[in-house]
Amino acid sequence: MGGGLLASLGARYLTGSSDASAAVDVGGGYALVADDESNVLRLYDRSRSGAPVKTWDLGGALGIKKEADIEAAARVGDTVYWTGSLGNNKDGKYKAERNTVFTTKLTGSGAATEIVFGSAYKGLREDLVAWDAAHGNRYGFAAGTAAGRIPKSIDGFNVEGLEFAPGSTSTAYLGFRAPLAPAVPGGRALVVPVTNMDRVVAGTAKPVFGEPIEMDLGGLAVRDIRKNAKDQYLILAGSWAADDNSDPYALYQWDGNPAHAPVKRADLPTTDPGGWEAVVAVPDLRVRGARVQLITDSGSADLYGDGKEAKDLDHPEWKKSRAAWFTLR
């Protein structure tokens, strides 16, 4: 496998937010996109540049005023699971809002998509720390979540991937941007299964964790993980570091089996502002020339050469994330 990729169809710019962090295909050429600077979900036409066609602010339903730092999503039928990073903020401070996993329910599809809030769980971070401590602090979760520890460090704590195991509607894979395992350069990316995620978010059970999966992604970490109906997975791999826009990115193909290693499918270009952050949908990876759409988080980029980060621009229409199609060869 391998061969690389070729960008096609040019860029699309999703305006109204510059910090895209997770995306879910809702059919008809549309996608729900979250960002990590608000609790707003936005519905975009995947084929066009411009503003969202609909928005939903879920802060009230979640009972929070600050951002949940939404970093990943996974769809099961008409239910979409969303998770915050579960880590500290960039200053190393604990913010309870980030310790949130929640669901939304979908009706309709495409431009007619509507969503309603489902349920939420706000204790997964503590559960993961306790689980790791019970297994000899193998991954250093307690240290990674300690006061003053920044999340985007090789031994930090930061979740950025979420997808369900092959054939399962209950076992979810949590993909970590940090830590690497072990936490040294050249370490392996970490995925921790939650075997009863459906019951956890519904509030009917405490989480049960499966055997962790350590992946060789060439020293990179999980930035997104997405599968299709054929249980073919793409892992978007990138740096664990905070300032990583110029660092390598790659796509890895995987079959979801913990005993099987992912295989690099392509390296990604890093010449455009922002870091690759979300895989919208996974095509049939057996088809040569299959196309995949990726979206950047451009919040820290100076988009207009004015010295301002995109997230700090004065007008929403100036904020934008880049969406690009790539043809897998």
# chains A, B, ... in the order shown; residues from 1 in each chain; ligands from 1

call {"tool": "residues_around", "arguments": {"residues": "Leu313 in chain A", "least_positions_apart": "4", "cutoff": "10 Å", "atoms": "only C-alpha atoms", "output": "list in words"}}
result
Ser17, Ser18, Gly299, Asp302, Leu303, Tyr304, Asp306, Lys308, Glu309, Glu317, Trp318 and Lys319 of chain A

call {"tool": "write_last_selection", "arguments": {"atoms": "all heavy atoms", "output": "CSV table (one decimal), in the first residue's frame"}}
result
chain,number,residue,atom,x,y,z
A,17,SER,N,-16.0,30.4,11.6
A,17,SER,CA,-15.1,29.9,12.6
A,17,SER,C,-13.8,29.5,11.9
A,17,SER,O,-13.8,29.0,10.8
A,17,SER,CB,-15.8,28.6,13.2
A,17,SER,OG,-14.8,27.9,14.0
A,18,SER,N,-12.7,29.7,12.7
A,18,SER,CA,-11.4,29.3,12.1
A,18,SER,C,-10.8,28.0,12.8
A,18,SER,O,-9.8,27.6,12.4
A,18,SER,CB,-10.4,30.4,12.3
A,18,SER,OG,-10.4,30.8,13.7
A,299,GLY,N,-7.1,28.3,13.6
A,299,GLY,CA,-7.3,29.4,14.6
A,299,GLY,C,-6.0,30.2,15.0
A,299,GLY,O,-6.1,31.3,15.3
A,302,ASP,N,-2.0,33.3,10.9
A,302,ASP,CA,-2.2,34.7,10.5
A,302,ASP,C,-2.7,34.6,9.0
A,302,ASP,O,-1.9,34.6,8.1
A,302,ASP,CB,-0.8,35.4,10.6
A,302,ASP,CG,-0.9,36.9,10.2
A,302,ASP,OD1,-2.0,37.3,9.8
A,302,ASP,OD2,0.2,37.5,10.3
A,303,LEU,N,-4.0,34.6,8.9
A,303,LEU,CA,-4.5,34.4,7.5
A,303,LEU,C,-4.3,35.6,6.6
A,303,LEU,O,-4.3,35.4,5.4
A,303,LEU,CB,-6.0,34.1,7.6
A,303,LEU,CG,-6.4,32.8,8.4
A,303,LEU,CD1,-7.9,32.8,8.5
A,303,LEU,CD2,-5.9,31.6,7.7
A,304,TYR,N,-4.3,36.8,7.1
A,304,TYR,CA,-4.3,38.0,6.2
A,304,TYR,C,-3.0,38.8,6.4
A,304,TYR,O,-2.9,39.9,5.9
A,304,TYR,CB,-5.5,38.8,6.6
A,304,TYR,CG,-6.8,38.1,6.4
A,304,TYR,CD1,-7.5,37.6,7.6
A,304,TYR,CD2,-7.3,37.8,5.2
A,304,TYR,CE1,-8.7,36.9,7.4
A,304,TYR,CE2,-8.5,37.0,5.1
A,304,TYR,CZ,-9.2,36.6,6.2
A,304,TYR,OH,-10.3,35.9,6.1
A,306,ASP,N,-1.8,40.3,8.9
A,306,ASP,CA,-2.0,41.5,9.8
A,306,ASP,C,-1.5,41.3,11.2
A,306,ASP,O,-1.7,42.1,12.1
A,306,ASP,CB,-3.5,41.9,9.8
A,306,ASP,CG,-4.4,40.8,10.3
A,306,ASP,OD1,-3.9,39.7,10.7
A,306,ASP,OD2,-5.6,41.0,10.3
A,308,LYS,N,-2.6,39.1,13.3
A,308,LYS,CA,-3.6,38.6,14.2
A,308,LYS,C,-3.9,37.1,14.0
A,308,LYS,O,-3.9,36.7,12.8
A,308,LYS,CB,-5.0,39.3,14.0
A,308,LYS,CG,-5.0,40.7,14.6
A,308,LYS,CD,-6.5,41.3,14.5
A,308,LYS,CE,-6.6,42.6,15.2
A,308,LYS,NZ,-8.0,43.1,15.2
A,309,GLU,N,-4.0,36.4,15.0
A,309,GLU,CA,-4.5,35.0,14.9
A,309,GLU,C,-5.9,35.0,14.4
A,309,GLU,O,-6.7,35.8,14.8
A,309,GLU,CB,-4.3,34.2,16.2
A,309,GLU,CG,-2.9,34.0,16.6
A,309,GLU,CD,-2.8,33.0,17.8
A,309,GLU,OE1,-3.8,32.8,18.4
A,309,GLU,OE2,-1.7,32.6,18.1
A,317,GLU,N,-17.1,36.5,9.6
A,317,GLU,CA,-17.0,36.1,8.2
A,317,GLU,C,-15.5,36.2,7.8
A,317,GLU,O,-15.1,35.6,6.8
A,317,GLU,CB,-17.8,37.1,7.3
A,317,GLU,CG,-17.4,38.5,7.4
A,317,GLU,CD,-18.2,39.3,8.4
A,317,GLU,OE1,-18.7,38.7,9.4
A,317,GLU,OE2,-18.3,40.5,8.3
A,318,TRP,N,-14.6,36.8,8.6
A,318,TRP,CA,-13.2,36.7,8.3
A,318,TRP,C,-12.6,35.5,8.8
A,318,TRP,O,-11.5,35.1,8.3
A,318,TRP,CB,-12.5,37.9,9.0
A,318,TRP,CG,-12.9,39.3,8.4
A,318,TRP,CD1,-13.7,39.5,7.3
A,318,TRP,CD2,-12.6,40.6,8.9
A,318,TRP,NE1,-13.9,40.9,7.1
A,318,TRP,CE2,-13.2,41.5,8.1
A,318,TRP,CE3,-11.8,41.0,10.0
A,318,TRP,CZ2,-13.0,42.9,8.4
A,318,TRP,CZ3,-11.6,42.3,10.3
A,318,TRP,CH2,-12.2,43.3,9.4
A,319,LYS,N,-13.2,34.8,9.8
A,319,LYS,CA,-12.6,33.6,10.3
A,319,LYS,C,-13.0,32.4,9.3
A,319,LYS,O,-14.1,32.4,8.8
A,319,LYS,CB,-13.2,33.3,11.7
A,319,LYS,CG,-12.9,34.4,12.7
A,319,LYS,CD,-13.6,34.0,14.0
A,319,LYS,CE,-13.3,35.1,15.1
A,319,LYS,NZ,-13.9,34.8,16.4

call {"tool": "closest_atom_pairs", "arguments": {"of": "range 183-255 of chain A", "to": "range 124-146 of chain A", "cutoff": "12 Å", "atoms": "only C-alpha atoms", "output": "CSV"}}
result
residue,atom,partner,partner_atom,distance
A:Ala183,CA,A:Tyr139,CA,7.9
A:Val184,CA,A:Tyr139,CA,11.6
A:Gly187,CA,A:Tyr139,CA,11.7
A:Arg188,CA,A:Tyr139,CA,11.3
A:Ala189,CA,A:Tyr139,CA,11.2
A:Leu190,CA,A:Tyr139,CA,9.1
A:Val191,CA,A:Tyr139,CA,11.2
A:Val192,CA,A:Leu128,CA,9.2
A:Pro193,CA,A:Leu128,CA,10.7
A:Val194,CA,A:Leu128,CA,9.8
A:Met197,CA,A:Leu124,CA,10.2
A:Val200,CA,A:Leu124,CA,8.8
A:Val201,CA,A:Leu124,CA,9.6
A:Gly203,CA,A:Leu124,CA,11.6
A:Ala205,CA,A:Leu124,CA,11.7
A:Lys206,CA,A:Asp127,CA,8.3
A:Pro207,CA,A:Asp127,CA,7.2
A:Val208,CA,A:Trp131,CA,9.1
A:Phe209,CA,A:Trp131,CA,7.8
A:Gly210,CA,A:Trp131,CA,10.3
A:Glu211,CA,A:His135,CA,10.9
A:Pro212,CA,A:Tyr139,CA,10.1
A:Ile213,CA,A:Tyr139,CA,11.8
A:Glu214,CA,A:Tyr139,CA,10.9

call {"tool": "write_last_selection", "arguments": {"atoms": "C-alpha atoms", "output": "PDB file, in the first residue's frame"}}
result
ATOM      1  CA  ALA A 183       6.481   9.475  26.269  1.00  0.00           C
ATOM      2  CA  VAL A 184       9.744   9.824  24.380  1.00  0.00           C
ATOM      3  CA  GLY A 187       6.943   6.804  20.780  1.00  0.00           C
ATOM      4  CA  ARG A 188       3.697   5.184  19.747  1.00  0.00           C
ATOM      5  CA  ALA A 189       0.281   6.781  19.414  1.00  0.00           C
ATOM      6  CA  LEU A 190      -2.261   5.730  22.024  1.00  0.00           C
ATOM      7  CA  VAL A 191      -5.847   4.547  21.592  1.00  0.00           C
ATOM      8  CA  VAL A 192      -7.942   3.493  24.613  1.00  0.00           C
ATOM      9  CA  PRO A 193     -11.191   1.561  24.054  1.00  0.00           C
ATOM     10  CA  VAL A 194     -14.256   2.422  26.133  1.00  0.00           C
ATOM     11  CA  MET A 197     -19.585   4.318  25.670  1.00  0.00           C
ATOM     12  CA  VAL A 200     -21.641   5.897  29.855  1.00  0.00           C
ATOM     13  CA  VAL A 201     -23.017   8.913  27.985  1.00  0.00           C
ATOM     14  CA  GLY A 203     -25.689   7.930  32.441  1.00  0.00           C
ATOM     15  CA  ALA A 205     -22.977   2.903  33.740  1.00  0.00           C
ATOM     16  CA  LYS A 206     -19.430   3.842  34.652  1.00  0.00           C
ATOM     17  CA  PRO A 207     -16.906   3.368  31.854  1.00  0.00           C
ATOM     18  CA  VAL A 208     -15.187   0.051  31.281  1.00  0.00           C
ATOM     19  CA  PHE A 209     -11.841   0.315  29.506  1.00  0.00           C
ATOM     20  CA  GLY A 210     -10.416  -2.284  27.162  1.00  0.00           C
ATOM     21  CA  GLU A 211      -6.809  -3.161  26.481  1.00  0.00           C
ATOM     22  CA  PRO A 212      -5.014  -0.055  25.188  1.00  0.00           C
ATOM     23  CA  ILE A 213      -3.785  -0.013  21.595  1.00  0.00           C
ATOM     24  CA  GLU A 214      -0.333   1.390  20.841  1.00  0.00           C
TER      25      GLU A 214
END

call {"tool": "residues_around", "arguments": {"residues": "Leu86 in chain A", "least_positions_apart": "5", "cutoff": "7 Å", "atoms": "only C-alpha atoms", "output": "count of residues only"}}
result
6

call {"tool": "select_by_dssp", "arguments": {"residues": "range 229-308 of chain A", "states": "strand (DSSP E)", "output": "ChimeraX atom specification"}}
result
/A:233-238,249-254,263-268,275-279,291-297

call {"tool": "residues_around", "arguments": {"residues": "range 37-46 of chain A", "least_positions_apart": "5", "cutoff": "10 Å", "atoms": "only C-alpha atoms", "output": "JSON, numbers by chain"}}
result
{"A": [12, 13, 14, 15, 16, 17, 18, 19, 20, 21, 22, 23, 24, 25, 26, 27, 28, 29, 30, 31, 32, 51, 52, 53, 54, 55, 56, 57, 58, 59, 60, 61, 62, 64, 65, 66, 67, 68, 69, 70, 71, 110, 111, 112, 113, 114, 115, 280, 293, 299, 311, 323, 324, 325]}

call {"tool": "select_by_dssp", "arguments": {"residues": "range 172-305 of chain A", "states": "alpha helix (DSSP H)", "output": "list of chain:residue names"}}
result
A:Met197, A:Asp198, A:Arg199, A:Val200, A:Val201, A:Ala202

call {"tool": "atom_distance", "arguments": {"atom1": "CA of Leu294 in chain A", "atom2": "CA of Ala278 in chain A"}}
result
5.6 Å

call {"tool": "closest_atom_pairs", "arguments": {"of": "range 139-182 of chain A", "to": "range 90-96 of chain A", "cutoff": "10 Å", "atoms": "only C-alpha atoms", "output": "CSV"}}
result
residue,atom,partner,partner_atom,distance
A:Gly144,CA,A:Gly92,CA,9.6
A:Thr145,CA,A:Tyr94,CA,7.9
A:Ala146,CA,A:Gly92,CA,7.9
A:Ala147,CA,A:Lys93,CA,5.9
A:Gly148,CA,A:Gly92,CA,4.1
A:Arg149,CA,A:Gly92,CA,4.7
A:Ile150,CA,A:Gly92,CA,4.4
A:Pro151,CA,A:Lys90,CA,6.7
A:Lys152,CA,A:Lys90,CA,7.7
A:Gly156,CA,A:Gly92,CA,9.7

call {"tool": "closest_residue", "arguments": {"among": "A:Gly167, A:Gly219, A:Gly274, A:Gly10", "to": "Gly186 in chain A", "atoms": "only C-alpha atoms"}}
result
A:Gly219

call {"tool": "residues_around", "arguments": {"residues": "Gly256 in chain A", "least_positions_apart": "5", "cutoff": "8 Å", "atoms": "only C-alpha atoms", "output": "short mmCIF file (atom, residue, chain, number, x, y, z; two decimals) with C-alpha atoms, in the first residue's frame"}}
result
data_model
loop_
_atom_site.label_atom_id
_atom_site.label_comp_id
_atom_site.auth_asym_id
_atom_site.auth_seq_id
_atom_site.Cartn_x
_atom_site.Cartn_y
_atom_site.Cartn_z
CA ALA A 165 -14.81 -0.35 16.92
CA PRO A 166 -15.64 -2.56 13.92
CA ASP A 231 -15.08 -0.73 8.78
CA GLN A 232 -12.21 0.80 6.85
CA TYR A 233 -10.45 3.39 9.00
#
